[in-house]
Amino acid sequence: MSRVAAIDCGTNSIRLLIADTADTTTGTAHTAGAGPTSGPLVDVVREMRVVRLGQGVDATGELAPEALERTFAAARDYAALIREHGASSVRFVATSATRDARNRQVFVDGVRDLLGVEPEVISGDEEAALSFSGASSVLPAGEDLILVVDLGGGSTEFVAGDSGGVIAARSVDIGCVRLTERHLHSDPPTAAEISAAEADVDAALDLAGQAVPLDRATAVVGVAGSITTITAHALGLPEYQPGRIHGAELDLETISKAATSLLEMTREERAALPYMHPGRVDVIGAGALVWRRILARLATVSNGKTSTAVSSEHDILDGIALSIRAAG
C-alpha cells in the first residue's frame, strides 16, 4: 500500500486527491476514517478550488497574472496538505488552458517551486485516457462500448472504450469558460448568443465524431463539475450531495430540461441554488448548453439507442492517481 497525491489543474478549477492505493491482486486498501473508494483507491483528502486559470486565455492567448496568483495560492495550500498526510508520490497534470497559453512557462516554474514536481501539460488525448480510467469505474462490466464525456472549462474530451481500455479519443475546444467568454454575455443569454454557442458545439461534435464512434456507444458517462451540477439540479437536491450524484442514471429528456432551466436562469437565480458552487455560477449556463447539445447529438446518431446518461464523481483526478499506482 502507498499514499499518492494527484492534482488536476484545468481551465476553471484545481483539484487535489490524496489516496491510499493497493495492487488489485492483493485487494483494496482501507484506511480508518477514509472517504469513498474508487476501485483500488481509498480517498484520504479530496479538495477543489475554483481559480479560473483560463480567465481570458481564449481572447489573449496568455494566462492572466491574477489567475496565476489564484492558482499558486491553491497549490501552496495543496503542498501543505500533501506534506501533512505524507503522500510519497505526486503527479500534477495541467490541461486545456495551459496547453493554449504562450506564457505557460511562468505557470510551470511557479508550480515546480511550490510543489517540487514538474507539472505535466498533457495532450487532449492523454487527458481523455485518464478521464476514461477514472470514470468508467461507475459502470458495471459488460457494456460493449462506453463513451466518457469530460466537460471542462476550456475543452471537452470524448473517449470511447471497453473492458480492454481506450479505443478512440478526441479533445475539442469547447467548454463552459471558453463559451461563456466567447458568446454568453447577457444575463440571461439571448437567443442569438445561445445559437452562436450551439454552432460552436455542433462544429466540435463533427470533429469528435470523425475520431470517436459516437453512434456505437451503449453507455454514456458524464464527468466534471458542470455535469454533476446539472445532475444535482435535475434531482432537486437540497445541497450538493456527491453520494446521490455519483452513479445517477437519468433519461435524456430529464437532463435536457434541467440544462435548459440552468441556461435560462439569471445569475442571481443560479447563485441561489443550494448545490451551486460559487465558482460555477457564471459558467454553468454554458456547461448546460454544451451537455444538452452533446446528448441531443448522441440520441440522433444512435437512432434513439442512447436514452440515458450516468454522472460520475470519479474522473481524470482518479485516473491520475491510478496512473501513479501503475507507474510505481
# chains A, B, ... in the order shown; residues from 1 in each chain; ligands from 1
>>> residues_around(residues="stretch 157-168 of chain A", least_positions_apart="3", cutoff="6 Å", atoms="only C-alpha atoms", output="PyMOL selection string")
chain A and resi 128+145-150+171+212
>>> closest_atom_pairs(of="stretch 170-244 of chain A", to="stretch 86-96 of chain A", cutoff="12 Å", atoms="only C-alpha atoms", output="CSV")
residue,atom,partner,partner_atom,distance
A:Ser171,CA,A:Ser96,CA,9.3
A:Val172,CA,A:Ser96,CA,9.6
A:Asp173,CA,A:Ser96,CA,8.1
A:Ile174,CA,A:Ser96,CA,10.0
A:Gly175,CA,A:Ser96,CA,9.5
A:Cys176,CA,A:Ser96,CA,11.9
A:Val177,CA,A:Ser96,CA,10.9
A:Arg178,CA,A:Ser96,CA,10.2
>>> closest_residue(among="A:Gly285, A:Pro242, A:Gly134, A:Gly116", to="A:Asp318", atoms="only C-alpha atoms")
A:Gly134
>>> atom_distance(atom1="atom CA of A:Asp206", atom2="atom CA of A:Arg99")
22.0 Å
>>> closest_residue(among="A:Met276, A:Val57, A:Ala224, A:Val4", to="A:Leu151", atoms="only C-alpha atoms")
A:Ala224
>>> closest_residue(among="A:Thr190, A:Thr228, A:Thr218, A:Thr71", to="A:His246", atoms="only C-alpha atoms")
A:Thr228
>>> closest_atom_pairs(of="stretch 65-113 of chain A", to="stretch 49-53 of chain A", cutoff="8 Å", atoms="only C-alpha atoms", output="JSON lines")
{"residue": "A:Ala67", "atom": "CA", "partner": "A:Leu53", "partner_atom": "CA", "distance": 4.9}
{"residue": "A:Leu68", "atom": "CA", "partner": "A:Leu53", "partner_atom": "CA", "distance": 6.3}
{"residue": "A:Arg70", "atom": "CA", "partner": "A:Val51", "partner_atom": "CA", "distance": 5.5}
{"residue": "A:Thr71", "atom": "CA", "partner": "A:Val51", "partner_atom": "CA", "distance": 5.6}
{"residue": "A:Ala74", "atom": "CA", "partner": "A:Arg49", "partner_atom": "CA", "distance": 6.9}
{"residue": "A:Ala97", "atom": "CA", "partner": "A:Leu53", "partner_atom": "CA", "distance": 6.9}
>>> select_by_dssp(residues="stretch 21-243 of chain A", states="helix (DSSP H, G or I)", output="VMD selection string")
chain A and resid 57 to 60 65 to 85 96 to 100 104 to 115 124 to 138 176 to 182 191 to 211 214 to 216 225 to 235 242 to 243
